[in-house]
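query_4.pdb (PDB, C-alpha atoms)
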ATOM      1  CA  MET A 702     -65.334 -34.681 -38.488
ATOM      2  CA  ILE A 703     -69.149 -34.353 -38.520
ATOM      3  CA  ALA A 704     -70.918 -31.595 -40.496
ATOM      4  CA  GLY A 705     -67.703 -29.589 -40.637
ATOM      5  CA  LYS A 706     -67.168 -29.743 -36.842
ATOM      6  CA  MET A 707     -64.380 -31.478 -34.923
ATOM      7  CA  LEU A 708     -65.470 -34.084 -32.389
ATOM      8  CA  HIS A 709     -64.888 -32.925 -28.815
ATOM      9  CA  ARG A 710     -62.045 -34.852 -27.161
ATOM     10  CA  LEU A 711     -62.496 -35.435 -23.448
ATOM     11  CA  VAL A 712     -59.191 -35.055 -21.615
ATOM     12  CA  LYS A 713     -58.824 -37.779 -18.992
ATOM     13  CA  ARG A 714     -55.285 -37.227 -17.710
ATOM     14  CA  VAL A 715     -53.058 -34.129 -17.467
ATOM     15  CA  SER A 716     -49.400 -33.959 -16.377
ATOM     16  CA  VAL A 717     -47.847 -30.676 -15.246
ATOM     17  CA  ARG A 718     -44.256 -29.645 -14.483
ATOM     18  CA  VAL A 719     -44.003 -26.991 -11.761
ATOM     19  CA  PRO A 720     -40.957 -25.018 -10.541
ATOM     20  CA  SER A 721     -40.133 -24.489  -6.881
ATOM     21  CA  SER A 722     -39.800 -20.940  -5.629
ATOM     22  CA  THR A 723     -38.035 -18.738  -3.150
ATOM     23  CA  ALA A 724     -39.852 -15.896  -1.387
ATOM     24  CA  ASN A 725     -39.069 -12.791   0.671
ATOM     25  CA  LEU A 726     -35.530 -12.421  -0.796
ATOM     26  CA  GLY A 727     -34.191 -10.455   2.148
ATOM     27  CA  PRO A 728     -36.391  -7.492   3.114
ATOM     28  CA  GLY A 729     -39.214  -8.299   0.666
ATOM     29  CA  PHE A 730     -41.395 -10.106   3.220
ATOM     30  CA  ASP A 731     -44.637 -11.352   1.576
ATOM     31  CA  ALA A 732     -43.864  -9.103  -1.393
ATOM     32  CA  PHE A 733     -41.083 -10.850  -3.383
ATOM     33  CA  SER A 734     -40.877 -14.278  -4.961
ATOM     34  CA  MET A 735     -38.873 -15.948  -7.704
ATOM     35  CA  ALA A 736     -39.272 -19.233  -9.582
ATOM     36  CA  LEU A 737     -36.341 -21.671  -9.612
ATOM     37  CA  GLU A 738     -35.227 -24.027 -12.382
ATOM     38  CA  GLU A 739     -34.513 -26.699  -9.775
ATOM     39  CA  PRO A 740     -35.890 -28.334  -7.783
ATOM     40  CA  HIS A 741     -39.253 -28.938  -9.467
ATOM     41  CA  LEU A 742     -42.148 -31.326  -9.086
ATOM     42  CA  GLU A 743     -44.440 -33.124 -11.504
ATOM     43  CA  LEU A 744     -48.120 -33.543 -10.812
ATOM     44  CA  VAL A 745     -50.781 -35.593 -12.595
ATOM     45  CA  VAL A 746     -54.548 -35.113 -12.361
ATOM     46  CA  GLU A 747     -56.836 -37.749 -13.833
ATOM     47  CA  ARG A 748     -60.520 -38.502 -13.962
ATOM     48  CA  VAL A 749     -61.826 -41.382 -11.858
ATOM     49  CA  GLU A 750     -64.846 -42.913 -13.575
ATOM     50  CA  GLY A 751     -67.654 -43.385 -11.088
ATOM     51  CA  GLY A 752     -65.536 -41.777  -8.391
ATOM     52  CA  GLU A 753     -66.286 -38.900  -6.065
ATOM     53  CA  GLY A 754     -64.114 -36.264  -4.415
ATOM     54  CA  VAL A 755     -60.314 -36.248  -4.693
ATOM     55  CA  VAL A 756     -57.882 -39.080  -4.028
ATOM     56  CA  VAL A 757     -54.238 -38.187  -3.332
ATOM     57  CA  ASP A 758     -51.229 -40.386  -4.133
ATOM     58  CA  VAL A 759     -47.676 -39.220  -3.429
ATOM     59  CA  TYR A 760     -44.311 -40.666  -4.365
ATOM     60  CA  GLY A 761     -40.789 -39.285  -4.623
ATOM     61  CA  PRO A 762     -38.058 -38.459  -2.106
ATOM     62  CA  TYR A 763     -40.256 -36.263   0.141
ATOM     63  CA  ARG A 764     -43.457 -38.348  -0.044
ATOM     64  CA  HIS A 765     -43.524 -38.942   3.714
ATOM     65  CA  ARG A 766     -43.811 -35.191   4.366
ATOM     66  CA  VAL A 767     -46.758 -34.563   2.017
ATOM     67  CA  PRO A 768     -50.253 -35.154   3.483
ATOM     68  CA  THR A 769     -52.613 -37.406   1.532
ATOM     69  CA  ASP A 770     -55.745 -36.209   3.355
ATOM     70  CA  PRO A 771     -57.572 -34.218   0.623
ATOM     71  CA  HIS A 772     -58.565 -31.563   3.171
ATOM     72  CA  ARG A 773     -54.911 -30.979   4.129
ATOM     73  CA  ASN A 774     -53.128 -31.497   0.818
ATOM     74  CA  ALA A 775     -52.638 -28.254  -1.143
ATOM     75  CA  ALA A 776     -53.254 -29.781  -4.582
ATOM     76  CA  ALA A 777     -56.391 -31.578  -3.445
ATOM     77  CA  LYS A 778     -57.791 -28.446  -1.786
ATOM     78  CA  VAL A 779     -57.389 -26.606  -5.094
ATOM     79  CA  LEU A 780     -59.093 -29.403  -7.038
ATOM     80  CA  LEU A 781     -62.001 -29.486  -4.596
ATOM     81  CA  LYS A 782     -62.428 -25.732  -5.026
ATOM     82  CA  LEU A 783     -62.281 -26.027  -8.822
ATOM     83  CA  ALA A 784     -64.827 -28.852  -8.789
ATOM     84  CA  GLU A 785     -67.156 -26.741  -6.653
ATOM     85  CA  LYS A 786     -66.696 -23.757  -8.965
ATOM     86  CA  SER A 787     -67.372 -25.861 -12.079
ATOM     87  CA  GLY A 788     -70.490 -27.400 -10.554
ATOM     88  CA  GLY A 789     -69.259 -30.901 -11.375
ATOM     89  CA  THR A 790     -69.222 -34.062  -9.287
ATOM     90  CA  GLN A 791     -66.439 -35.799 -11.214
ATOM     91  CA  GLY A 792     -64.086 -37.914  -9.113
ATOM     92  CA  LEU A 793     -60.423 -36.942  -9.454
ATOM     93  CA  ARG A 794     -57.079 -38.468  -8.553
ATOM     94  CA  VAL A 795     -53.951 -36.376  -8.087
ATOM     95  CA  VAL A 796     -50.519 -37.999  -8.177
ATOM     96  CA  ILE A 797     -47.608 -35.907  -6.875
ATOM     97  CA  ASP A 798     -43.920 -36.534  -7.437
ATOM     98  CA  ALA A 799     -42.684 -34.874  -4.224
ATOM     99  CA  SER A 800     -39.239 -33.779  -5.403
ATOM    100  CA  ILE A 801     -39.149 -30.341  -3.720
ATOM    101  CA  PRO A 802     -37.823 -30.411  -0.133
ATOM    102  CA  VAL A 803     -40.795 -29.990   2.213
ATOM    103  CA  ALA A 804     -40.826 -27.477   5.101
ATOM    104  CA  LYS A 805     -37.566 -25.977   3.859
ATOM    105  CA  GLY A 806     -38.683 -22.620   2.454
ATOM    106  CA  LEU A 807     -38.836 -23.656  -1.218
ATOM    107  CA  GLY A 808     -42.578 -23.365  -1.820
ATOM    108  CA  SER A 809     -43.420 -27.071  -2.078
ATOM    109  CA  SER A 810     -47.113 -26.635  -1.190
ATOM    110  CA  GLY A 811     -47.359 -23.549  -3.423
ATOM    111  CA  ALA A 812     -45.984 -25.606  -6.321
ATOM    112  CA  GLU A 813     -48.551 -28.345  -5.651
ATOM    113  CA  ALA A 814     -51.347 -25.757  -5.647
ATOM    114  CA  ALA A 815     -50.083 -24.111  -8.843
ATOM    115  CA  GLY A 816     -49.822 -27.442 -10.644
ATOM    116  CA  ALA A 817     -53.279 -28.484  -9.506
ATOM    117  CA  VAL A 818     -54.969 -25.321 -10.753
ATOM    118  CA  VAL A 819     -53.358 -25.657 -14.203
ATOM    119  CA  ALA A 820     -54.148 -29.380 -14.520
ATOM    120  CA  GLY A 821     -57.570 -29.076 -12.889
ATOM    121  CA  GLU A 822     -58.658 -26.244 -15.161
ATOM    122  CA  ARG A 823     -57.852 -28.386 -18.192
ATOM    123  CA  ILE A 824     -59.389 -31.626 -16.960
ATOM    124  CA  LEU A 825     -62.591 -29.930 -15.747
ATOM    125  CA  GLU A 826     -62.838 -27.963 -19.003
ATOM    126  CA  MET A 827     -62.829 -24.587 -17.286
ATOM    127  CA  VAL A 828     -61.572 -21.252 -18.593
ATOM    128  CA  LEU A 829     -59.939 -19.144 -15.877
ATOM    129  CA  ASN A 830     -58.071 -15.885 -16.155
ATOM    130  CA  GLU A 831     -54.648 -15.385 -14.564
ATOM    131  CA  GLU A 832     -55.921 -13.715 -11.414
ATOM    132  CA  GLU A 833     -58.515 -16.462 -10.856
ATOM    133  CA  ARG A 834     -55.786 -19.105 -11.100
ATOM    134  CA  ILE A 835     -53.663 -17.218  -8.587
ATOM    135  CA  ARG A 836     -56.497 -16.719  -6.096
ATOM    136  CA  ILE A 837     -57.676 -20.334  -6.262
ATOM    137  CA  ALA A 838     -54.131 -21.666  -5.865
ATOM    138  CA  ALA A 839     -53.376 -19.198  -3.051
ATOM    139  CA  SER A 840     -56.515 -20.288  -1.182
ATOM    140  CA  ALA A 841     -54.698 -23.558  -0.394
ATOM    141  CA  GLU A 842     -51.806 -21.728   1.289
ATOM    142  CA  PRO A 843     -51.748 -20.589   4.968
ATOM    143  CA  GLY A 844     -53.418 -17.183   5.089
ATOM    144  CA  SER A 845     -53.983 -17.367   1.301
ATOM    145  CA  HIS A 846     -50.519 -15.922   0.724
ATOM    146  CA  ALA A 847     -49.830 -15.627  -2.982
ATOM    147  CA  ASP A 848     -46.050 -15.103  -3.175
ATOM    148  CA  ASN A 849     -44.861 -18.686  -3.795
ATOM    149  CA  VAL A 850     -47.980 -19.509  -5.809
ATOM    150  CA  ILE A 851     -47.447 -16.626  -8.244
ATOM    151  CA  ALA A 852     -43.805 -17.619  -8.810
ATOM    152  CA  SER A 853     -44.722 -21.256  -9.507
ATOM    153  CA  LEU A 854     -47.585 -20.225 -11.809
ATOM    154  CA  LEU A 855     -45.886 -17.433 -13.763
ATOM    155  CA  GLY A 856     -42.151 -18.007 -13.370
ATOM    156  CA  GLY A 857     -39.740 -15.072 -13.121
ATOM    157  CA  PHE A 858     -39.354 -12.527 -10.311
ATOM    158  CA  ASN A 859     -42.603 -11.250  -8.836
ATOM    159  CA  ILE A 860     -43.642  -8.287  -6.704
ATOM    160  CA  ILE A 861     -46.937  -8.832  -4.908
ATOM    161  CA  ASP A 862     -49.372  -6.657  -2.982
ATOM    162  CA  ASN A 863     -52.173  -8.815  -1.585
ATOM    163  CA  SER A 864     -54.220  -6.328   0.401
ATOM    164  CA  PRO A 865     -57.925  -6.079   1.324
ATOM    165  CA  ALA A 866     -58.282  -3.716  -1.637
ATOM    166  CA  GLY A 867     -57.282  -6.493  -4.038
ATOM    167  CA  LEU A 868     -54.363  -8.390  -5.502
ATOM    168  CA  THR A 869     -51.762  -6.470  -7.482
ATOM    169  CA  TYR A 870     -48.654  -8.106  -8.901
ATOM    170  CA  LEU A 871     -45.863  -7.450 -11.360
ATOM    171  CA  ASN A 872     -43.882 -10.159 -13.136
ATOM    172  CA  ILE A 873     -40.297  -9.298 -14.123
ATOM    173  CA  LYS A 874     -37.770 -11.326 -16.112
ATOM    174  CA  PRO A 875     -34.667 -11.685 -13.911
ATOM    175  CA  PRO A 876     -31.261 -10.895 -15.432
ATOM    176  CA  ASP A 877     -29.751 -13.875 -17.268
ATOM    177  CA  TYR A 878     -26.575 -13.715 -15.201
ATOM    178  CA  ILE A 879     -28.081 -14.453 -11.775
ATOM    179  CA  GLY A 880     -26.745 -17.666 -10.258
ATOM    180  CA  LEU A 881     -28.292 -19.330  -7.206
ATOM    181  CA  VAL A 882     -27.232 -21.975  -4.717
ATOM    182  CA  ILE A 883     -29.613 -23.403  -2.120
ATOM    183  CA  LEU A 884     -28.175 -24.960   1.024
ATOM    184  CA  VAL A 885     -30.800 -27.110   2.726
ATOM    185  CA  PRO A 886     -30.157 -27.766   6.450
ATOM    186  CA  VAL A 887     -31.426 -30.907   8.148
ATOM    187  CA  VAL A 888     -33.492 -28.832  10.583
ATOM    188  CA  GLU A 889     -37.181 -28.519   9.661
ATOM    189  CA  LYS A 890     -39.697 -25.905  10.652
ATOM    190  CA  LYS A 891     -43.080 -27.116  11.844
ATOM    191  CA  SER A 892     -44.969 -25.137   9.214
ATOM    192  CA  THR A 893     -45.060 -21.774   7.492
ATOM    193  CA  ASP A 894     -47.976 -20.849   9.723
ATOM    194  CA  GLU A 895     -45.889 -21.545  12.839
ATOM    195  CA  ALA A 896     -43.062 -19.439  11.406
ATOM    196  CA  ARG A 897     -45.498 -16.538  11.021
ATOM    197  CA  LYS A 898     -46.765 -16.801  14.597
ATOM    198  CA  ILE A 899     -43.295 -15.912  15.881
ATOM    199  CA  LEU A 900     -43.666 -12.426  14.382
ATOM    200  CA  THR A 901     -45.625 -11.009  17.300
ATOM    201  CA  SER A 902     -44.017  -7.579  17.721
ATOM    202  CA  PRO A 903     -44.154  -4.849  15.058
ATOM    203  CA  PRO A 904     -40.968  -3.421  13.520
ATOM    204  CA  THR A 905     -39.629  -0.103  14.727
ATOM    205  CA  LEU A 906     -39.985   2.948  12.516
ATOM    206  CA  THR A 907     -36.318   2.610  11.504
ATOM    207  CA  GLU A 908     -36.702  -1.087  10.649
ATOM    208  CA  TYR A 909     -39.831  -0.355   8.639
ATOM    209  CA  SER A 910     -38.113   2.453   6.725
ATOM    210  CA  GLN A 911     -35.059   0.314   5.974
ATOM    211  CA  ALA A 912     -37.152  -2.614   4.742
ATOM    212  CA  LEU A 913     -39.179  -0.304   2.497
ATOM    213  CA  SER A 914     -36.198   1.492   0.970
ATOM    214  CA  ARG A 915     -34.150  -1.671   0.447
ATOM    215  CA  SER A 916     -37.068  -3.540  -1.116
ATOM    216  CA  SER A 917     -37.713  -0.652  -3.504
ATOM    217  CA  LEU A 918     -34.066  -0.575  -4.563
ATOM    218  CA  ILE A 919     -33.952  -4.373  -4.995
ATOM    219  CA  SER A 920     -36.988  -4.239  -7.301
ATOM    220  CA  ALA A 921     -35.377  -1.551  -9.424
ATOM    221  CA  ALA A 922     -32.026  -3.359  -9.433
ATOM    222  CA  LEU A 923     -33.632  -6.558 -10.733
ATOM    223  CA  ALA A 924     -35.566  -4.697 -13.415
ATOM    224  CA  LEU A 925     -32.425  -2.817 -14.530
ATOM    225  CA  GLY A 926     -29.998  -5.717 -14.198
ATOM    226  CA  ARG A 927     -27.946  -3.921 -11.518
ATOM    227  CA  MET A 928     -26.265  -6.886  -9.839
ATOM    228  CA  ASP A 929     -24.072  -4.573  -7.731
ATOM    229  CA  LEU A 930     -27.120  -3.106  -5.964
ATOM    230  CA  LEU A 931     -28.904  -6.449  -5.794
ATOM    231  CA  LEU A 932     -26.021  -8.218  -4.040
ATOM    232  CA  LYS A 933     -25.420  -5.272  -1.719
ATOM    233  CA  LEU A 934     -29.011  -4.989  -0.449
ATOM    234  CA  ILE A 935     -30.640  -8.434  -0.471
ATOM    235  CA  PRO A 936     -28.674  -9.831   2.510
ATOM    236  CA  PHE A 937     -29.735  -7.192   5.005
ATOM    237  CA  ASP A 938     -33.331  -7.669   6.073
ATOM    238  CA  PRO A 939     -33.672  -5.433   9.142
ATOM    239  CA  PHE A 940     -36.470  -7.323  10.883
ATOM    240  CA  ILE A 941     -37.976 -10.693   9.827
ATOM    241  CA  GLU A 942     -34.792 -12.756   9.536
ATOM    242  CA  LYS A 943     -33.492 -11.325  12.799
ATOM    243  CA  VAL A 944     -36.626 -12.305  14.743
ATOM    244  CA  ARG A 945     -36.803 -15.787  13.243
ATOM    245  CA  ALA A 946     -33.089 -16.464  13.725
ATOM    246  CA  ASN A 947     -33.293 -15.520  17.392
ATOM    247  CA  ALA A 948     -36.333 -17.809  17.758
ATOM    248  CA  GLY A 949     -34.198 -20.752  16.594
ATOM    249  CA  LEU A 950     -36.011 -21.349  13.281
ATOM    250  CA  TYR A 951     -32.779 -21.596  11.292
ATOM    251  CA  GLY A 952     -31.101 -24.175  13.521
ATOM    252  CA  PRO A 953     -30.792 -25.129  17.192
ATOM    253  CA  GLY A 954     -28.585 -22.638  19.010
ATOM    254  CA  TYR A 955     -28.183 -20.618  15.799
ATOM    255  CA  ARG A 956     -28.901 -16.905  16.225
ATOM    256  CA  TRP A 957     -28.951 -13.635  14.283
ATOM    257  CA  GLU A 958     -25.356 -12.856  15.214
ATOM    258  CA  HIS A 959     -24.249 -16.029  13.394
ATOM    259  CA  LEU A 960     -26.330 -15.259  10.310
ATOM    260  CA  LEU A 961     -25.174 -11.643  10.175
ATOM    261  CA  GLU A 962     -21.531 -12.712  10.462
ATOM    262  CA  GLU A 963     -22.004 -15.056   7.501
ATOM    263  CA  LYS A 964     -23.753 -12.413   5.411
ATOM    264  CA  LYS A 965     -20.960  -9.883   5.908
ATOM    265  CA  LYS A 966     -18.159 -12.357   5.192
ATOM    266  CA  LEU A 967     -19.794 -13.823   2.080
ATOM    267  CA  LEU A 968     -20.443 -10.381   0.603
ATOM    268  CA  SER A 969     -17.076  -8.807   1.432
ATOM    269  CA  GLU A 970     -14.812 -11.769   0.592
ATOM    270  CA  TYR A 971     -16.690 -13.577  -2.182
ATOM    271  CA  GLY A 972     -19.146 -11.038  -3.614
ATOM    272  CA  VAL A 973     -22.017 -13.412  -2.772
ATOM    273  CA  ALA A 974     -25.338 -12.420  -1.174
ATOM    274  CA  LEU A 975     -26.912 -14.637   1.486
ATOM    275  CA  CYS A 976     -30.549 -14.590   2.566
ATOM    276  CA  ILE A 977     -33.040 -17.077   3.965
ATOM    277  CA  SER A 978     -35.314 -18.704   1.405
ATOM    278  CA  GLY A 979     -38.930 -17.998   2.352
ATOM    279  CA  SER A 980     -39.509 -18.736   6.022
ATOM    280  CA  GLY A 981     -36.477 -21.026   6.014
ATOM    281  CA  PRO A 982     -34.485 -22.800   7.055
ATOM    282  CA  SER A 983     -32.841 -23.109   3.596
ATOM    283  CA  ARG A 984     -30.136 -20.584   2.799
ATOM    284  CA  LEU A 985     -30.095 -18.900  -0.607
ATOM    285  CA  LEU A 986     -26.833 -17.701  -2.125
ATOM    286  CA  ILE A 987     -27.072 -15.218  -5.000
ATOM    287  CA  TYR A 988     -24.118 -14.448  -7.259
ATOM    288  CA  ASP A 989     -23.151 -13.038 -10.653
ATOM    289  CA  VAL A 990     -22.268 -15.916 -12.995
ATOM    290  CA  ARG A 991     -20.128 -13.571 -15.102
ATOM    291  CA  ARG A 992     -17.593 -13.491 -12.279
ATOM    292  CA  GLY A 993     -16.842 -17.210 -12.639
ATOM    293  CA  VAL A 994     -17.368 -20.158 -10.301
ATOM    294  CA  GLU A 995     -14.300 -20.080  -8.058
ATOM    295  CA  LYS A 996     -15.703 -17.613  -5.530
ATOM    296  CA  ILE A 997     -19.132 -19.230  -5.317
ATOM    297  CA  GLU A 998     -17.516 -22.629  -4.709
ATOM    298  CA  ARG A 999     -15.477 -21.162  -1.856
ATOM    299  CA  ALA A1000     -18.599 -19.447  -0.494
ATOM    300  CA  VAL A1001     -20.539 -22.731  -0.554
ATOM    301  CA  GLU A1002     -17.673 -24.496   1.218
ATOM    302  CA  TYR A1003     -17.573 -21.833   3.930
ATOM    303  CA  LEU A1004     -21.334 -21.795   4.517
ATOM    304  CA  SER A1005     -21.634 -25.589   4.405
ATOM    305  CA  GLU A1006     -19.077 -25.866   7.194
ATOM    306  CA  ARG A1007     -20.939 -23.236   9.241
ATOM    307  CA  ILE A1008     -24.301 -25.004   8.841
ATOM    308  CA  GLU A1009     -22.757 -28.345   9.799
ATOM    309  CA  ARG A1010     -21.164 -26.815  12.886
ATOM    310  CA  LEU A1011     -23.748 -24.285  14.066
ATOM    311  CA  ALA A1012     -27.137 -25.153  12.575
ATOM    312  CA  GLY A1013     -27.563 -28.883  13.091
ATOM    313  CA  GLY A1014     -26.197 -30.256   9.806
ATOM    314  CA  LEU A1015     -26.599 -29.957   6.035
ATOM    315  CA  GLU A1016     -29.020 -32.119   4.016
ATOM    316  CA  LYS A1017     -28.142 -31.096   0.460
ATOM    317  CA  VAL A1018     -26.787 -28.375  -1.826
ATOM    318  CA  ILE A1019     -28.689 -27.393  -4.990
ATOM    319  CA  TYR A1020     -27.139 -25.322  -7.797
ATOM    320  CA  THR A1021     -29.871 -23.597  -9.780
ATOM    321  CA  ARG A1022     -30.952 -20.453 -11.649
ATOM    322  CA  PRO A1023     -34.129 -18.365 -11.858
ATOM    323  CA  THR A1024     -36.609 -19.567 -14.473
ATOM    324  CA  THR A1025     -39.196 -17.651 -16.474
ATOM    325  CA  GLN A1026     -41.181 -20.859 -17.036
ATOM    326  CA  GLY A1027     -44.094 -21.337 -14.675
ATOM    327  CA  ALA A1028     -46.374 -24.371 -14.302
ATOM    328  CA  LYS A1029     -46.644 -26.056 -17.700
ATOM    329  CA  ILE A1030     -48.703 -28.920 -19.101
ATOM    330  CA  ILE A1031     -46.256 -31.515 -20.419
ATOM    331  CA  GLU A1032     -48.699 -34.263 -21.407
ATOM    332  CA  GLU A1033     -52.419 -34.845 -21.747
ATOM    333  CA  HIS A1034     -54.643 -37.552 -23.117
TER     334      HIS A1034
END

Would you write the structure of this file as structure tokens?
Amino acid sequence: MIAGKMLHRLVKRVSVRVPSSTANLGPGFDAFSMALEEPHLELVVERVEGGEGVVVDVYGPYRHRVPTDPHRNAAAKVLLKLAEKSGGTQGLRVVIDASIPVAKGLGSSGAEAAGAVVAGERILEMVLNEEERIRIAASAEPGSHADNVIASLLGGFNIIDNSPAGLTYLNIKPPDYIGLVILVPVVEKKSTDEARKILTSPPTLTEYSQALSRSSLISAALALGRMDLLLKLIPFDPFIEKVRANAGLYGPGYRWEHLLEEKKKLLSEYGVALCISGSGPSRLLIYDVRRGVEKIERAVEYLSERIERLAGGLEKVIYTRPTTQGAKIIEEH
């Protein structure tokens, strides 16, 4: 303490825990996202004395799928943007524990970007508001899409409108009794950008109307805790999932007729909703935990067998829940 003032402590290393996310949630294309307790990643940003630019190191089970080129890596792109905004020339190193399946529709790059903006803001001694964090993190995503980024930054269920007029979003606490299971197929999509390029034809007026009405009801159902409406409506996206399934994005030889058959059976026999997580190919099962585990276990068994037989094989099954905790600093020094 000098003259009644605390000495300024320079932070040299920041560790952040970041949740994965699921987006779209049926008909809510580019408008819905939700943070997941598991899987998650941890990301460290540290100063490099005498260094310049950003160095990327990756470890963890999916390290071979995460680019280390700072102009291609989502976390590094965010740090470069923050450094430019702060006017600094400080060298930085980002270390990523790649524990979120990559190219599986679980927002791995969005989580990297969210973690980098939280850690980078602290290490570069910046003060950003929430919307600035979202926009900087989203700038690292294809087309600057903010759905996964917002979920990983804020947690919870999010409704997003990212239009030329500006970004508008609403963060909602999901009901405590939502249970989730993610089934991750072995098939991989090339990229989210490639998955978007398949959507070349516009929806019909009927498809547009159905997507709008169902999305509106899903939002209200989540806010009101109406699991009956949520489970009834989330499976039936009238357009996006159909186009992508028929383009083979969810498995070789796997088409919309197969996905629709699974959706109807899971809902009618087990009370479980099935949708594709983000742009896929992971499947997301949504259920009411108050109804016990027997039916969800039978639903997982049924869908696992279908993915093995029709969609090229199953990589892993993840039991999880929504989380209200977004990207969080867990250590700094």

Could you list, as a short mmCIF file (atom, residue, chain, number, x, y, z; two decimals) with C-alpha atoms, in the coordinates of the input, every residue matched by the PyMOL selection byres ((chain A and resi 912) around 9) in this structure?
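Once everything was written out, this is expr_27.cif:
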data_model
loop_
_atom_site.label_atom_id
_atom_site.label_comp_id
_atom_site.auth_asym_id
_atom_site.auth_seq_id
_atom_site.Cartn_x
_atom_site.Cartn_y
_atom_site.Cartn_z
CA GLY A 727 -34.19 -10.46 2.15
CA PRO A 728 -36.39 -7.49 3.11
CA GLY A 729 -39.21 -8.30 0.67
CA PHE A 730 -41.40 -10.11 3.22
CA THR A 907 -36.32 2.61 11.50
CA GLU A 908 -36.70 -1.09 10.65
CA TYR A 909 -39.83 -0.36 8.64
CA SER A 910 -38.11 2.45 6.72
CA GLN A 911 -35.06 0.31 5.97
CA LEU A 913 -39.18 -0.30 2.50
CA SER A 914 -36.20 1.49 0.97
CA ARG A 915 -34.15 -1.67 0.45
CA SER A 916 -37.07 -3.54 -1.12
CA SER A 917 -37.71 -0.65 -3.50
CA PHE A 937 -29.74 -7.19 5.00
CA ASP A 938 -33.33 -7.67 6.07
CA PRO A 939 -33.67 -5.43 9.14
CA PHE A 940 -36.47 -7.32 10.88
#

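Those residues that approach segment 855-871 of chain A to within 6 Å, counting only C-alpha atoms, are Ala732, Phe733, Ser734, Met735, Ala736, Ile851, Pro875, Thr1024, Thr1025, Gln1026 and Gly1027 of chain A; same-chain residues fewer than 4 positions away are not listed.
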
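Residues in contact with Gly792 of chain A at up to 10 Å, not including ones fewer than 4 positions away on its chain and judged by all atoms listed in the file, are Glu747, Arg748, Val749, Glu750, Gly751, Gly752, Glu753, Gly754, Val755, Val756, Leu781 and Ala784 of chain A.
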
| query | For Gln791 of chain A, which residue out of A:Ile977, A:Glu1033, A:Ile824, A:Tyr955 is the nearest one, using all atoms listed in the file? | reply |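 Closest to Gln791 of chain A, using all atoms listed in the file: A:Ile824.
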
| task | Go through A:Arg1007, A:Lys898, A:Lys805, A:Lys713 one by one, measure the shortest atom-to-atom distance of each to Glu826 of chain A using only C-alpha atoms, and give the residue with the smallest value. | result |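 Among A:Arg1007, A:Lys898, A:Lys805, A:Lys713, it is A:Lys713 that comes nearest to Glu826 of chain A.
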
| message | To test your reading of the syntax: which residues would the PyMOL selection byres ((chain A and resi 1000) around 12) return for the file shown? Reply as a VMD selection string. | response | chain A and resid 881 to 884 963 to 975 985 to 988 994 to 999 1001 to 1007

| message | To one decimal place in Å, what is the distance between atom CA of Lys782 of chain A and atom CA of Tyr763 of chain A? | response | 25.1 Å

| task | Please evaluate the PyMOL selection byres ((chain A and resi 780) around 10) against the structure above and give the resulting residues as a VMD selection string. | result | chain A and resid 746 754 to 755 771 775 to 779 781 to 786 793 to 795 814 817 to 822 825 837 to 838 841

Same residues, C-alpha atoms, saved as a JSON list (two decimals), in the frame of the given file:
[["chain", "number", "residue", "atom", "x", "y", "z"],
["A", 746, "VAL", "CA", -54.55, -35.11, -12.36],
["A", 754, "GLY", "CA", -64.11, -36.26, -4.42],
["A", 755, "VAL", "CA", -60.31, -36.25, -4.69],
["A", 771, "PRO", "CA", -57.57, -34.22, 0.62],
["A", 775, "ALA", "CA", -52.64, -28.25, -1.14],
["A", 776, "ALA", "CA", -53.25, -29.78, -4.58],
["A", 777, "ALA", "CA", -56.39, -31.58, -3.44],
["A", 778, "LYS", "CA", -57.79, -28.45, -1.79],
["A", 779, "VAL", "CA", -57.39, -26.61, -5.09],
["A", 781, "LEU", "CA", -62.00, -29.49, -4.60],
["A", 782, "LYS", "CA", -62.43, -25.73, -5.03],
["A", 783, "LEU", "CA", -62.28, -26.03, -8.82],
["A", 784, "ALA", "CA", -64.83, -28.85, -8.79],
["A", 785, "GLU", "CA", -67.16, -26.74, -6.65],
["A", 786, "LYS", "CA", -66.70, -23.76, -8.96],
["A", 793, "LEU", "CA", -60.42, -36.94, -9.45],
["A", 794, "ARG", "CA", -57.08, -38.47, -8.55],
["A", 795, "VAL", "CA", -53.95, -36.38, -8.09],
["A", 814, "ALA", "CA", -51.35, -25.76, -5.65],
["A", 817, "ALA", "CA", -53.28, -28.48, -9.51],
["A", 818, "VAL", "CA", -54.97, -25.32, -10.75],
["A", 819, "VAL", "CA", -53.36, -25.66, -14.20],
["A", 820, "ALA", "CA", -54.15, -29.38, -14.52],
["A", 821, "GLY", "CA", -57.57, -29.08, -12.89],
["A", 822, "GLU", "CA", -58.66, -26.24, -15.16],
["A", 825, "LEU", "CA", -62.59, -29.93, -15.75],
["A", 837, "ILE", "CA", -57.68, -20.33, -6.26],
["A", 838, "ALA", "CA", -54.13, -21.67, -5.86],
["A", 841, "ALA", "CA", -54.70, -23.56, -0.39]]

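With only C-alpha atoms as the atoms that count, the residue of A:Glu1032, A:Glu958, A:Glu942, A:Glu1016 with the shortest distance to Leu726 of chain A is A:Glu942.
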
| query | What does the distance from atom CA of Glu842 of chain A to atom CA of Gly811 of chain A come to in Å, to one decimal? | reply | 6.7 Å

| query | Nearest to Arg991 of chain A among A:Tyr951, A:Tyr878, A:Trp957, A:Tyr1020, with distances taken over only C-alpha atoms: which residue is it? | reply | A:Tyr878

| query | For Leu950 of chain A, which residue among A:Glu739, A:Asp877, A:Asp929, A:Glu889 is the nearest when counting all atoms listed in the file? | reply |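 Of A:Glu739, A:Asp877, A:Asp929, A:Glu889, the one nearest Leu950 of chain A is A:Glu889, counting all atoms listed in the file.
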
| Which is closest to Ala948 of chain A among A:Val828, A:Ala896, A:Ile1031, A:Val767, if we use all atoms listed in the file? |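 That would be A:Ala896, the residue with the smallest distance to Ala948 of chain A.
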